[in-house]
Amino acid sequence: MKRIIFLLLGISICRLQSSFAQQLRLPDYFSDNMVLQQHDTVRFWGWADGGQQVWIKAGWLTDTLKTRASSGARWEVKLPTPAAGGPYEITVGNGNQQIIIHNILIGETWLCSGQSNMEFSANWSPITRQQEEATGMQFPEMRLFHVYKITSDCKQMELRGRWEICSPQTIADFSAVAYFFGRSLLLHLHTPVGLIESCWGGTPVETWMPDSIFVQHPSLAASAATLPASPWWPVKPGLAFNAMIAPLQFIPIAGVIWYQGETNTHNPQTYAEDLSRMIQSWRNLWQKEFPFYLVQIAPYRYETPDAGALIREAQLQVYRQVPRTGIVITTDITGDTSDIHPKDKQDVGERLALWALAKTYGLNNIVCSGPLYDSMKIEGNRIRIYFDFADDGLMIGGNGKQLTDIYIAGNDQHFLPAQAKIEKNTLVVWNRQIAHPVAVRFGFSNTAMPNLYNRAGLPASPFRTDQWPVWQR
């Protein structure tokens, strides 16, 4: 009888120990339908009992990778990826348990981040022709990873989200900008595309940066402290970065597309430095100088005069000063400056793709940007403006006959509306009342929608040639 009791007790203890054993588990990112970056190395990891051996078999490798879980119940291997292709499977095992990841593709993976204009999807409101296109398209070689909105006061390792195959149903709740960007890459490169949507409407740039930056730079911390609190999104530095960006450091990416800045019209004076440091912090996290392509905010009736113009200027400054960046101009995508969410996401996504196709993938004969101010030259009572991305010439867009939203000033810093004409790839500006002009401002207001384009049909970025107070015209 005693032997039976002890035997039953032993069985119960074994079962109890088994129930407390660490189950073999993978992060959400490593799941069915995922896309891994081609020709790279993935830090493939998960959890298991400390000291337990784990093996990994990838469909494109002949060898089985083996490792042991640490005392912290975490294991990791370096998983090399081949050229674009698939589908593949990965099997992970620990002796008594197996996990099989199905339908894996190898291709180009991009991180898509920012605030509401990046998050904006067809389900938010009708996107006219774009919604019709999106709901009629099926792209099984494009995969969508939607990162859940989570915050943390410290860096996290696990990213919460889900992979889905691009279809009319799944794309309806995914970033429209990211979709049109990815679709353009897919159609041009004929390579699987993975899109990681990690964005949160309303968030300022500060919450996407490591909070350590603000400890090191008190002026940025003081600026961040002026942001108004919100019940719908975080504003505290680091909160989104820690939970929605930092865990991605184990995942190789081809680059980043970024659409954000509207909330920072509250503190535009530090935006250029904030965004520059954010880009560098992300590159430090990945230990890679990946391309970073950003979108200028669109015209809108901000309460603070010229706050939108200052953010656009800061974004142009970041493009000029930070290597391997690009900028998309959006002055022509909205006809309603009372709507902070322009419905035209197709042009935005496709213009982002122009930068990637030309600069990241090296496709020839692609003009990737509208005219960007380069320099000026005073010629008597006129000023001649020179541009980048205008080699084939400039033109007036739409049905306009006269160039709009151009101002000129002399040393008195008093700006007057200017007359302007296109001469090949330069712009000549004057006002007969100003005999000795020294400065020009183009599209430099919250709501300006100027009509200067290059021959590729891309709009010119707003700019100013002076550093005077912006409110003087």
# chains A, B, ... in the order shown; residues from 1 in each chain; ligands from 1

call {"tool": "select_by_dssp", "arguments": {"residues": "segment 292-424 of chain A", "states": "alpha helix (DSSP H)", "output": "list in words"}}
result
Ala307, Gly308, Ala309, Leu310, Ile311, Arg312, Glu313, Ala314, Gln315, Leu316, Gln317, Val318, Tyr319, Arg320, Gln321, Gln346, Asp347, Val348, Gly349, Glu350, Arg351, Leu352, Ala353, Leu354 and Trp355 of chain A

call {"tool": "residues_around", "arguments": {"residues": "segment 350-357 of chain A", "least_positions_apart": "6", "cutoff": "9 Å", "atoms": "only C-alpha atoms", "output": "ChimeraX atom specification"}}
result
/A:177,180-185,188-189,255,257,291,293-295,325-329,363-364,366-369,458

call {"tool": "write_last_selection", "arguments": {"atoms": "N, CA and C atoms", "output": "JSON list (two decimals), in the first residue's frame"}}
result
[["chain", "number", "residue", "atom", "x", "y", "z"],
["A", 177, "VAL", "N", -0.41, 54.21, -46.98],
["A", 177, "VAL", "CA", 0.88, 54.67, -47.52],
["A", 177, "VAL", "C", 1.83, 53.49, -47.67],
["A", 180, "PHE", "N", 0.79, 51.16, -50.70],
["A", 180, "PHE", "CA", 1.13, 51.65, -52.04],
["A", 180, "PHE", "C", 2.65, 51.68, -52.25],
["A", 181, "PHE", "N", 3.40, 51.92, -51.19],
["A", 181, "PHE", "CA", 4.86, 51.83, -51.26],
["A", 181, "PHE", "C", 5.28, 50.39, -51.58],
["A", 182, "GLY", "N", 4.75, 49.45, -50.81],
["A", 182, "GLY", "CA", 5.11, 48.05, -51.01],
["A", 182, "GLY", "C", 4.67, 47.51, -52.34],
["A", 183, "ARG", "N", 3.47, 47.91, -52.78],
["A", 183, "ARG", "CA", 2.98, 47.45, -54.08],
["A", 183, "ARG", "C", 3.91, 47.91, -55.20],
["A", 184, "SER", "N", 4.38, 49.15, -55.13],
["A", 184, "SER", "CA", 5.28, 49.66, -56.16],
["A", 184, "SER", "C", 6.59, 48.88, -56.18],
["A", 185, "LEU", "N", 7.14, 48.58, -54.99],
["A", 185, "LEU", "CA", 8.37, 47.78, -54.92],
["A", 185, "LEU", "C", 8.14, 46.40, -55.53],
["A", 188, "HIS", "N", 7.92, 46.51, -59.37],
["A", 188, "HIS", "CA", 9.17, 46.87, -60.05],
["A", 188, "HIS", "C", 10.27, 45.84, -59.82],
["A", 189, "LEU", "N", 10.36, 45.31, -58.60],
["A", 189, "LEU", "CA", 11.47, 44.42, -58.26],
["A", 189, "LEU", "C", 11.15, 42.95, -58.48],
["A", 255, "GLY", "N", 15.09, 49.10, -44.93],
["A", 255, "GLY", "CA", 15.06, 50.53, -44.66],
["A", 255, "GLY", "C", 13.79, 50.92, -43.94],
["A", 257, "ILE", "N", 10.42, 53.85, -43.91],
["A", 257, "ILE", "CA", 9.65, 55.00, -44.41],
["A", 257, "ILE", "C", 8.93, 55.62, -43.22],
["A", 291, "PRO", "N", 18.65, 53.07, -45.33],
["A", 291, "PRO", "CA", 18.00, 54.27, -45.86],
["A", 291, "PRO", "C", 16.77, 54.64, -45.04],
["A", 293, "TYR", "N", 13.50, 57.21, -45.53],
["A", 293, "TYR", "CA", 12.78, 58.09, -46.43],
["A", 293, "TYR", "C", 11.57, 58.68, -45.71],
["A", 294, "LEU", "N", 11.49, 59.99, -45.67],
["A", 294, "LEU", "CA", 10.47, 60.66, -44.88],
["A", 294, "LEU", "C", 9.52, 61.47, -45.76],
["A", 295, "VAL", "N", 8.35, 61.76, -45.21],
["A", 295, "VAL", "CA", 7.31, 62.51, -45.91],
["A", 295, "VAL", "C", 7.15, 63.87, -45.24],
["A", 325, "THR", "N", 19.14, 59.66, -46.63],
["A", 325, "THR", "CA", 17.75, 60.00, -46.41],
["A", 325, "THR", "C", 17.15, 60.52, -47.71],
["A", 326, "GLY", "N", 15.83, 60.53, -47.77],
["A", 326, "GLY", "CA", 15.10, 61.09, -48.90],
["A", 326, "GLY", "C", 13.85, 61.75, -48.38],
["A", 327, "ILE", "N", 13.25, 62.61, -49.20],
["A", 327, "ILE", "CA", 12.09, 63.37, -48.74],
["A", 327, "ILE", "C", 11.02, 63.43, -49.83],
["A", 328, "VAL", "N", 9.77, 63.20, -49.42],
["A", 328, "VAL", "CA", 8.63, 63.25, -50.32],
["A", 328, "VAL", "C", 7.84, 64.53, -50.06],
["A", 329, "ILE", "N", 7.52, 65.27, -51.12],
["A", 329, "ILE", "CA", 6.80, 66.53, -51.01],
["A", 329, "ILE", "C", 5.31, 66.25, -51.20],
["A", 363, "LEU", "N", 17.71, 51.48, -59.60],
["A", 363, "LEU", "CA", 17.06, 51.48, -60.90],
["A", 363, "LEU", "C", 17.35, 52.79, -61.62],
["A", 364, "ASN", "N", 17.66, 52.69, -62.89],
["A", 364, "ASN", "CA", 18.03, 53.86, -63.68],
["A", 364, "ASN", "C", 16.79, 54.59, -64.20],
["A", 366, "ILE", "N", 15.00, 56.99, -63.07],
["A", 366, "ILE", "CA", 13.93, 57.34, -62.15],
["A", 366, "ILE", "C", 14.24, 58.67, -61.48],
["A", 367, "VAL", "N", 13.37, 59.65, -61.65],
["A", 367, "VAL", "CA", 13.48, 60.91, -60.91],
["A", 367, "VAL", "C", 12.73, 60.71, -59.60],
["A", 368, "CYS", "N", 13.43, 60.80, -58.50],
["A", 368, "CYS", "CA", 12.83, 60.39, -57.23],
["A", 368, "CYS", "C", 12.29, 61.55, -56.41],
["A", 369, "SER", "N", 12.50, 62.79, -56.85],
["A", 369, "SER", "CA", 12.05, 63.91, -56.04],
["A", 369, "SER", "C", 11.62, 65.07, -56.92],
["A", 458, "LEU", "N", 6.65, 66.09, -60.39],
["A", 458, "LEU", "CA", 6.76, 66.07, -58.93],
["A", 458, "LEU", "C", 6.88, 67.50, -58.42]]

call {"tool": "residues_around", "arguments": {"residues": "Asp153 of chain A", "least_positions_apart": "4", "cutoff": "8 Å", "atoms": "only C-alpha atoms", "output": "ChimeraX atom specification"}}
result
/A:238-239,242

call {"tool": "closest_atom_pairs", "arguments": {"of": "segment 81-155 of chain A", "to": "segment 210-233 of chain A", "cutoff": "12 Å", "atoms": "only C-alpha atoms", "output": "JSON lines"}}
result
{"residue": "A:Gln115", "atom": "CA", "partner": "A:Trp233", "partner_atom": "CA", "distance": 9.8}
{"residue": "A:Ser116", "atom": "CA", "partner": "A:Trp233", "partner_atom": "CA", "distance": 10.6}
{"residue": "A:Lys149", "atom": "CA", "partner": "A:Trp233", "partner_atom": "CA", "distance": 9.4}
{"residue": "A:Ile150", "atom": "CA", "partner": "A:Trp233", "partner_atom": "CA", "distance": 10.2}
{"residue": "A:Thr151", "atom": "CA", "partner": "A:Trp233", "partner_atom": "CA", "distance": 9.7}
{"residue": "A:Ser152", "atom": "CA", "partner": "A:Asp211", "partner_atom": "CA", "distance": 11.1}
{"residue": "A:Asp153", "atom": "CA", "partner": "A:Asp211", "partner_atom": "CA", "distance": 8.9}
{"residue": "A:Cys154", "atom": "CA", "partner": "A:Asp211", "partner_atom": "CA", "distance": 9.1}
{"residue": "A:Lys155", "atom": "CA", "partner": "A:Pro210", "partner_atom": "CA", "distance": 8.8}

call {"tool": "write_last_selection", "arguments": {"atoms": "C-alpha atoms", "output": "PDB file, in the first residue's frame"}}
result
ATOM      1  CA  GLN A 115       1.731  58.980 -36.675  1.00  0.00           C
ATOM      2  CA  SER A 116      -1.802  59.052 -38.092  1.00  0.00           C
ATOM      3  CA  LYS A 149       0.131  49.667 -29.832  1.00  0.00           C
ATOM      4  CA  ILE A 150       2.063  49.136 -26.617  1.00  0.00           C
ATOM      5  CA  THR A 151       4.198  51.410 -24.432  1.00  0.00           C
ATOM      6  CA  SER A 152       6.955  50.681 -21.973  1.00  0.00           C
ATOM      7  CA  ASP A 153       9.266  52.637 -19.667  1.00  0.00           C
ATOM      8  CA  CYS A 154      12.141  50.314 -20.575  1.00  0.00           C
ATOM      9  CA  LYS A 155      13.305  48.522 -23.721  1.00  0.00           C
TER      10      LYS A 155
END

call {"tool": "decode", "arguments": {"residues": "segment 16-62 of chain A", "atoms": "C-alpha atoms", "output": "PDB file, in the first residue's frame"}}
result
ATOM      1  CA  LEU A  16       3.616  19.111 -11.456  1.00  0.00           C
ATOM      2  CA  GLN A  17       7.207  19.691 -12.559  1.00  0.00           C
ATOM      3  CA  SER A  18       6.167  19.184 -16.173  1.00  0.00           C
ATOM      4  CA  SER A  19       3.369  21.725 -15.826  1.00  0.00           C
ATOM      5  CA  PHE A  20       5.883  24.323 -14.611  1.00  0.00           C
ATOM      6  CA  ALA A  21       8.359  23.609 -17.426  1.00  0.00           C
ATOM      7  CA  GLN A  22       9.074  26.455 -19.835  1.00  0.00           C
ATOM      8  CA  GLN A  23       7.261  25.748 -23.072  1.00  0.00           C
ATOM      9  CA  LEU A  24       9.215  26.198 -26.286  1.00  0.00           C
ATOM     10  CA  ARG A  25       7.976  29.533 -27.592  1.00  0.00           C
ATOM     11  CA  LEU A  26       8.745  32.059 -30.333  1.00  0.00           C
ATOM     12  CA  PRO A  27       8.128  35.808 -30.565  1.00  0.00           C
ATOM     13  CA  ASP A  28       5.073  36.880 -32.570  1.00  0.00           C
ATOM     14  CA  TYR A  29       7.286  38.049 -35.435  1.00  0.00           C
ATOM     15  CA  PHE A  30       8.539  34.517 -36.147  1.00  0.00           C
ATOM     16  CA  SER A  31       5.254  33.089 -37.339  1.00  0.00           C
ATOM     17  CA  ASP A  32       3.401  31.862 -40.419  1.00  0.00           C
ATOM     18  CA  ASN A  33       3.534  34.087 -43.540  1.00  0.00           C
ATOM     19  CA  MET A  34       6.509  36.156 -42.422  1.00  0.00           C
ATOM     20  CA  VAL A  35       9.060  37.762 -44.746  1.00  0.00           C
ATOM     21  CA  LEU A  36      12.768  37.768 -43.848  1.00  0.00           C
ATOM     22  CA  GLN A  37      15.285  40.140 -45.397  1.00  0.00           C
ATOM     23  CA  GLN A  38      17.295  38.476 -48.159  1.00  0.00           C
ATOM     24  CA  HIS A  39      21.107  38.085 -48.058  1.00  0.00           C
ATOM     25  CA  ASP A  40      21.281  38.915 -44.352  1.00  0.00           C
ATOM     26  CA  THR A  41      21.508  37.307 -40.909  1.00  0.00           C
ATOM     27  CA  VAL A  42      18.508  37.060 -38.589  1.00  0.00           C
ATOM     28  CA  ARG A  43      19.008  36.791 -34.846  1.00  0.00           C
ATOM     29  CA  PHE A  44      16.432  34.027 -34.548  1.00  0.00           C
ATOM     30  CA  TRP A  45      15.415  33.490 -30.938  1.00  0.00           C
ATOM     31  CA  GLY A  46      12.826  32.274 -28.463  1.00  0.00           C
ATOM     32  CA  TRP A  47      12.338  30.749 -25.021  1.00  0.00           C
ATOM     33  CA  ALA A  48      12.843  27.301 -23.486  1.00  0.00           C
ATOM     34  CA  ASP A  49      13.958  25.792 -20.175  1.00  0.00           C
ATOM     35  CA  GLY A  50      17.394  26.935 -19.082  1.00  0.00           C
ATOM     36  CA  GLY A  51      20.072  24.559 -20.340  1.00  0.00           C
ATOM     37  CA  GLN A  52      17.712  22.823 -22.742  1.00  0.00           C
ATOM     38  CA  GLN A  53      19.013  22.118 -26.240  1.00  0.00           C
ATOM     39  CA  VAL A  54      17.083  23.698 -29.099  1.00  0.00           C
ATOM     40  CA  TRP A  55      17.517  22.900 -32.776  1.00  0.00           C
ATOM     41  CA  ILE A  56      16.428  24.917 -35.807  1.00  0.00           C
ATOM     42  CA  LYS A  57      15.969  23.573 -39.317  1.00  0.00           C
ATOM     43  CA  ALA A  58      15.391  26.150 -42.088  1.00  0.00           C
ATOM     44  CA  GLY A  59      14.152  24.981 -45.478  1.00  0.00           C
ATOM     45  CA  TRP A  60      16.953  26.747 -47.339  1.00  0.00           C
ATOM     46  CA  LEU A  61      19.777  25.328 -45.187  1.00  0.00           C
ATOM     47  CA  THR A  62      21.297  21.858 -45.333  1.00  0.00           C
TER      48      THR A  62
END
